[in-house]
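Asks: One structure follows; several queries about it will come next.
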Amino acid sequence: VLYEMLTGHVPFAGETVSDVIASILKTDAPHLSKCVDDCPAEFERIVTKTLQKDREERYQATKDLALDLKSLRKELEFSAEFDRITYGGEKNLTAEMPKQTTAETVKRFSLSNVLLILLLASLLFGGVWWFFGGINKTSETSEAASLKTVEIVNWASTPGEFYSAGTFSPDGKMIAFTSTKAGTKNIWIKQTTSGEAIQITKDEFKNESPIWSPNGEALAFFSTRGNQAGIWQMPVFGGSPKLIASVEDGSSRLQFWSTENLIYYESNNNIFAIDINLGQINQITDFAPKAVNAGSISLSPNEQQIAYTTVDGEFWSVWTKNLTGDTPKKLVSATTEIKNTVWHPDNQRILYSSPVDGTFQIFVTDINGTPPKQVTFAERDGFVLDVSSDGAKILYGSAKEESDIWGVNLKDSKEFIVASDINSELWANVSPDGKSIAYQSIKNLSQGNKIFNGAILTKTLSSADPPTELAANGHLPVWSPDGQQIAFMQVLGKEYQIETIKTAGGGQKHLTTGGVVSIENTLLPYNRIQTSYISWSPDSTKIAYISDRSGQYNIWLVNADGSNDVQLTSNNDSNLYLYCPLWSLDSKHIAFTSRTRKRTADEKPTFSVWVIDTETKNSRLVLEEKKFLRLIGWSPGGELILASVTGTETTGLQPEVSLLQVEIETGKMRPIVALKDTYLYNVQLSPDKKNIVFAAHREGQDNLWLMPAAGGEAKKLTANNDSRLYFSSLAWSPDNNSIFFGKQSRYSLLSMITNFK
């Protein structure tokens, strides 16, 4: 009926009844968009769903069809008003190219035509649903089966993009969100059920955490613009950002904009309020440092209560507390991680995200401590972000990530796939004999939060046999030089530790006693910031690593059998961080780097390179700079090769990375080469110390490049032409003939759950 009302002809035709039946069974109806010009995409989806051959793919109840039609009608009415106000007669910014059509084959309908048809259809199907028992079926709490999930927007992520962030407009018909889809992190808005996303900020600055004004006419967000970090506001439809207040904390997260013209935000694990009219900032909560989990505090809509999460040992908890000073009340306690707290507009219920079988789902509880109820049952992680003002819609963020391990042969530049499974594979390490590869495999890579929660696998490179799982829980596998063991990191609760396991399987052994400093890595691509975290001695008897168990960062040595775990360096300064222990070829020295902690916003950290004698424990300062230094490795002559960039605050992809060679006795530096558009954290020295391979992002694509370690022209190894693929941490084969790396892609998604009650 809907199809014929719009097109003027039936969806399935034939000269005889038999022909019509055959058409219904075997032939798809022509797409509405080919028959009706300017047909709304959502309307086409609805009609197409009603015509599906498979009954499981059709609407299961008339009520669902009626609700979809009613929702579409409201959105089209809103869209018409939205376009009239914002653009006049102009089309949206990302309109498709016009279709080549003829007047004879296409009917042209105005928006009013479509709305009239939708009104009639909604009345027809809504009446049927009501007559057959649609009434008296509401309940105080939504059952999962009655909830619907609608994807609002998705985009291909770019390097450095982490969690999706977004908020509903006051009327719940739009969202504001941050995205790097235009290259840098900017603020966008979009209608929840139709239309294209519209970019609001259009600059090179990092704009984050958008919230709406109470009347929906302005947005506030956090940004560092030039040297001015703070909270800014601007009109939704045009205008320049205006500074509301300066805020030094770069991790500040805006919460909401009250009707009293107060903007609440989280900074340093506490809630603050800015009076926009007066420009004054007041601290609302007074938590001690690290007393609550960063990013978890939320203020109730009535501005009287807060919710937050804590972790104590292996237990994560959700709490609520009145701002009048009442004793906090624990609502939920679990052994699984809990992220985000979001208040429902009723000021009674609180939503949060927590994993079920390794996948983050959304749960709801209330201030009375009612047992939590699971809201989502998705295959991907879902992180709750906001609830609409009517309480019926839940906004959440998710991501779709893929990562496979590939190799490239240096002689002919031919690429070959090594590990490509339903899971995500990355961080390869090749056995000393070059016959096998170890890597980590992660079931649900999600938004980077699972990278330390995968399995350790090994695979024979010359065989089609499936990989072997060595450890069910671990990350960063590193072969011992004799090939007999693999060391890796493991997370227990919030503690990191180093384990070893025999390469033949079995014999897993716990080496460290706690305080192991965790790996730091970038997102998209997943590059480890330091060259070394687990450093085997050349004779395979010892492992050097960084630990803060003494209260300061120090290098420790532990025997491969777990005995004699001792501190090597003597750092007593809690403001000095040590990184990247690397053994010399003769095992007599370990090189490492350090960085001072910034005590004030204006203070610049100092980066240093050190060498320590493993027998005498005497350390020697080799080099000290006010710019970032990354240790790459030892040269054949016993010098150190470093990567350096201008400035102290670094991101993975740099416009220029300088490679340097430093004499350890004198500290004398020799420039090697300046690499353009290169990933600072993905530069690797070959085992024979003669070549360097690096990943660069040039002409819009990631590729690998090879150059002599002493300097010279770089040669392009790979021929990637897909701008959505990124190359993660590299690993050389021991024979220096092959390089292994991760190929990674990521899509960010914002979706909403509707019909929540």
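Labels used: A, B, ... for chains in the order of the structure tokens, numbers from 1 for residues in each chain, and numbers from 1 for ligands as shown.
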Which neighbours of Ser157 in chain A fall inside 9 Å, counting only C-alpha atoms, when residues of the same chain fewer than 4 positions from it are skipped, and could you give them as number ranges by chain?

Replies: A: 161-162, 179-181, 524, 724, 745-748

Asks: When you look at Pro734 in chain A with a cut-off of 7 Å (counting only C-alpha atoms), what residues show up, excluding the ones that are within fewer than 6 positions of it in the same chain? I need them as a PyMOL selection string.

Replies: chain A and resi 432-434+687

Asks: Between CA of Trp188 in chain A and CA of Lys202 in chain A, what is the distance in Å, rounded to a tenth?

Replies: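 About the pair CA of Trp188 in chain A and CA of Lys202 in chain A: they are 9.5 Å apart.
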
Asks: Which residue, A:Ile632, A:Ala731, A:Leu582, A:Leu299, has the smallest gap to Ile612 in chain A when you use only C-alpha atoms?

Replies: A:Leu582

Asks: Of the candidates A:Leu585, A:Leu523, A:Trp732, A:Val332, which shows the shortest atom-to-atom distance to Tyr679 in chain A, using only C-alpha atoms?

Replies: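 Ranked by minimum distance to Tyr679 in chain A, first place goes to A:Leu523.
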
Asks: Which residues are close to range 269-275 of chain A, i.e. within 9 Å by only C-alpha atoms, leaving aside same-chain residues fewer than 3 positions away? Reply as a PyMOL selection string.

Replies: chain A and resi 244-245+255+260-266+278-299

Asks: Can those selected residues be exported to a file as a PDB file, in the first residue's frame so that it contains C-alpha atoms?

Replies:
```pdb
ATOM      1  CA  ILE A 244      34.050  31.771  29.040  1.00  0.00           C
ATOM      2  CA  ALA A 245      36.838  30.919  31.479  1.00  0.00           C
ATOM      3  CA  GLN A 255      28.848  18.052  32.004  1.00  0.00           C
ATOM      4  CA  GLU A 260      20.815  29.374  35.883  1.00  0.00           C
ATOM      5  CA  ASN A 261      23.637  29.901  33.357  1.00  0.00           C
ATOM      6  CA  LEU A 262      26.081  27.676  35.212  1.00  0.00           C
ATOM      7  CA  ILE A 263      28.360  25.329  33.285  1.00  0.00           C
ATOM      8  CA  TYR A 264      29.415  22.288  35.271  1.00  0.00           C
ATOM      9  CA  TYR A 265      32.588  20.445  34.340  1.00  0.00           C
ATOM     10  CA  GLU A 266      34.900  17.777  35.718  1.00  0.00           C
ATOM     11  CA  LEU A 278      30.187  36.646  36.379  1.00  0.00           C
ATOM     12  CA  GLY A 279      33.009  34.503  35.036  1.00  0.00           C
ATOM     13  CA  GLN A 280      33.522  32.985  38.498  1.00  0.00           C
ATOM     14  CA  ILE A 281      34.548  29.356  39.081  1.00  0.00           C
ATOM     15  CA  ASN A 282      33.446  27.468  42.194  1.00  0.00           C
ATOM     16  CA  GLN A 283      34.537  23.996  43.234  1.00  0.00           C
ATOM     17  CA  ILE A 284      31.507  21.814  43.944  1.00  0.00           C
ATOM     18  CA  THR A 285      33.139  18.600  45.214  1.00  0.00           C
ATOM     19  CA  ASP A 286      36.269  18.049  47.272  1.00  0.00           C
ATOM     20  CA  PHE A 287      37.608  14.587  46.505  1.00  0.00           C
ATOM     21  CA  ALA A 288      41.187  13.751  47.351  1.00  0.00           C
ATOM     22  CA  PRO A 289      43.480  13.029  44.367  1.00  0.00           C
ATOM     23  CA  LYS A 290      42.751   9.596  42.846  1.00  0.00           C
ATOM     24  CA  ALA A 291      39.880   9.017  45.309  1.00  0.00           C
ATOM     25  CA  VAL A 292      37.489   8.547  42.390  1.00  0.00           C
ATOM     26  CA  ASN A 293      38.006   7.329  38.851  1.00  0.00           C
ATOM     27  CA  ALA A 294      38.736  10.067  36.343  1.00  0.00           C
ATOM     28  CA  GLY A 295      35.893  10.747  33.941  1.00  0.00           C
ATOM     29  CA  SER A 296      33.317   8.958  36.091  1.00  0.00           C
ATOM     30  CA  ILE A 297      31.745  11.799  38.092  1.00  0.00           C
ATOM     31  CA  SER A 298      28.358  13.124  37.005  1.00  0.00           C
ATOM     32  CA  LEU A 299      25.976  15.663  38.485  1.00  0.00           C
TER      33      LEU A 299
END
```

Asks: Compile the contact shell of range 428-430 of chain A as a VMD selection string: residues with an atom at most 6 Å away, counting only C-alpha atoms, same-chain residues fewer than 4 positions apart removed.

Replies: chain A and resid 437 to 439 731 733

Asks: Export, as a short mmCIF file (atom, residue, chain, number, x, y, z; two decimals), in the first residue's frame, the selected residues with N, CA and C atoms.

Replies:
```cif
data_model
loop_
_atom_site.label_atom_id
_atom_site.label_comp_id
_atom_site.auth_asym_id
_atom_site.auth_seq_id
_atom_site.Cartn_x
_atom_site.Cartn_y
_atom_site.Cartn_z
N ILE A 437 56.36 -16.72 14.86
CA ILE A 437 56.02 -15.37 15.29
C ILE A 437 55.10 -15.44 16.50
N ALA A 438 55.32 -14.56 17.46
CA ALA A 438 54.42 -14.44 18.62
C ALA A 438 53.69 -13.12 18.50
N TYR A 439 52.45 -13.10 18.94
CA TYR A 439 51.65 -11.87 18.87
C TYR A 439 50.51 -11.96 19.86
N ALA A 731 58.20 -4.97 13.53
CA ALA A 731 59.11 -5.97 14.08
C ALA A 731 59.95 -6.54 12.93
N SER A 733 62.55 -9.37 11.20
CA SER A 733 62.96 -10.78 11.26
C SER A 733 64.44 -10.81 11.60
#
```

Asks: Could you please determine the separation between CA of Leu568 in chain A and CA of Pro538 in chain A in Å, to one decimal place?

Replies: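 A separation of 17.3 Å between them.
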
Asks: Could you state the separation of CA of Ala229 in chain A and CA of Asn215 in chain A in Å, given to one decimal place?

Replies: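 Separation of CA of Ala229 in chain A and CA of Asn215 in chain A: 25.7 Å.
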
Asks: Closest to Ile187 in chain A among A:Glu208, A:Asp171, A:Glu520, A:Asp366, using only C-alpha atoms?

Replies: A:Glu208

Asks: Looking only at the backbone, which of the residues in range 144-184 of chain A does DSSP tag as strand (DSSP E), as a PDB file with C-alpha atoms, in the first residue's frame?

Replies:
```pdb
ATOM      1  CA  LYS A 148      15.357  -0.118  19.634  1.00  0.00           C
ATOM      2  CA  THR A 149      18.860   0.860  18.605  1.00  0.00           C
ATOM      3  CA  VAL A 150      19.400   3.505  15.941  1.00  0.00           C
ATOM      4  CA  GLU A 151      22.818   4.396  14.556  1.00  0.00           C
ATOM      5  CA  ILE A 152      23.079   8.183  14.351  1.00  0.00           C
ATOM      6  CA  VAL A 153      26.481   8.753  12.775  1.00  0.00           C
ATOM      7  CA  ASN A 154      29.729   6.949  12.006  1.00  0.00           C
ATOM      8  CA  TRP A 155      33.055   7.997  10.573  1.00  0.00           C
ATOM      9  CA  ALA A 156      36.498   6.594   9.796  1.00  0.00           C
ATOM     10  CA  GLY A 166      28.365  13.478  22.448  1.00  0.00           C
ATOM     11  CA  THR A 167      25.299  15.005  24.071  1.00  0.00           C
ATOM     12  CA  PHE A 168      21.620  15.406  23.210  1.00  0.00           C
ATOM     13  CA  MET A 174      19.909  16.524  17.725  1.00  0.00           C
ATOM     14  CA  ILE A 175      23.297  15.595  19.100  1.00  0.00           C
ATOM     15  CA  ALA A 176      26.549  17.518  19.358  1.00  0.00           C
ATOM     16  CA  PHE A 177      29.691  15.421  19.128  1.00  0.00           C
ATOM     17  CA  THR A 178      33.429  15.534  18.512  1.00  0.00           C
ATOM     18  CA  SER A 179      34.977  13.943  15.459  1.00  0.00           C
TER      19      SER A 179
END
```

Asks: Counting only C-alpha atoms, figure out which residue out of A:Thr648, A:Ser413, A:Ser658, A:Gln744 gets nearest to Leu717 in chain A.

Replies: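 Looking only at the distances to Leu717 in chain A, the closest residue turns out to be A:Ser413.
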
Asks: At a cut-off of 10 Å, using only C-alpha atoms, what residues contact Ser540 in chain A? Leave out same-chain residues fewer than 6 positions from it and give the result as a list in words.

Replies: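 Near neighbours after the sequence-gap exclusion: Trp479, Ser480, Pro481, Asp482, Gly483, Gln484, Gln485, Asn559 and Ala560 of chain A.
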
Asks: Quick one: residues within 9 Å of Asn322 in chain A, only C-alpha atoms counted, chain neighbours fewer than 3 positions away excluded, as a PDB file with C-alpha atoms, in the first residue's frame?

Replies:
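Contents of part-v5.pdb, as written:
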```
ATOM      1  CA  GLN A 304      21.684  18.120  44.107  1.00  0.00           C
ATOM      2  CA  GLN A 305      23.504  14.766  43.806  1.00  0.00           C
ATOM      3  CA  ILE A 306      26.587  13.268  42.209  1.00  0.00           C
ATOM      4  CA  GLY A 325      27.461  16.486  52.685  1.00  0.00           C
ATOM      5  CA  ASP A 326      25.639  13.238  53.377  1.00  0.00           C
ATOM      6  CA  THR A 327      27.578   9.989  53.649  1.00  0.00           C
ATOM      7  CA  PRO A 328      28.189   8.403  50.206  1.00  0.00           C
TER       8      PRO A 328
END
```
